[in-house]
Amino acid sequence: MKAHLLYVEDDASLSFVTRDNLEMNGYKITCCMDGREAMEVVKNERFDLCILDVMLPEVDGFTIAKEIRKYDAEVPILFLSAKSLKEDRIEGLRIGGDDYLTKPFSIEELLLKVEIFLRRRHMVAPQMPKLIRIGQYLFDYTNLTLEQNGELRRLTQREADLLRYLMSNRGQVIRRSAILEQIWGEDDYFLGRSLDVFISRLRKYLQKDEGIKIENVHGIGFQFVCPE
């Protein structure tokens, strides 16, 4: 079955070229030319990945992402923007996005990111059980949930990937570069900022168990500590 992607872009020429390349690579594409149309689509359809231009007429990409998260906490969201400001990237991540690609971008880079997102969404770690006990929490990677005392939190795919990677290396000092290459597919400054945002989220999610810590190791990376 073809992966179904939502692609929202108001530039007609860019939209045509990008959609054509995505379809040639085997993806089913629902394409919207403005934010208001996309807002209606996400209420009625489910996607394997969403590619959202940030600057759109009527409704911007960040607002669309917030609407998507009301219906689907799991689907990866990739933002596209001509803006390269750090603050814009971080804002996109804070509202539930998973990555940010700055225009102009190469089709090859976009295709690679799409492939990585979809592969990671469907991969299952053979060395780890379906349900993982993390202190007071029960982590279900397959269903992207984190439960504590009957309270269930839905995780994004990127959050679940990161938590599973930290858990599989608990007690060890993990280099930032290793995390970025494993979870994001490459190591650069802006992805490093993304990693910091996701680490902050996981700390917040796990804060009710004081025995769980994601410690900064200055100049190196992180160490995940939790009760046996």
# chains A, B, ... in the order shown; residues from 1 in each chain; ligands from 1
$ residues_around --residues "range 111-113 of chain A" --least-positions-apart "5" --cutoff "12 Å" --atoms "only C-alpha atoms" --output "PyMOL selection string"
chain A and resi 5+18-27+49-51+76-79+98-101+105-106+118-120+183-186
$ select_by_dssp --residues "range 3-145 of chain A" --states "alpha helix (DSSP H)" --output "VMD selection string"
chain A and resid 12 to 24 35 to 44 61 to 71 86 to 94 107 to 122
$ atom_distance --atom1 "CA of Val8 in chain A" --atom2 "CA of Val59 in chain A"
11.0 Å
$ closest_residue --among "A:Ala73, A:Leu6, A:Cys31, A:Arg175" --to "Leu144 in chain A" --atoms "only C-alpha atoms"
A:Ala73
$ closest_residue --among "A:Arg153, A:Arg94, A:Arg170, A:Arg69" --to "Met39 in chain A" --atoms "only C-alpha atoms"
A:Arg69
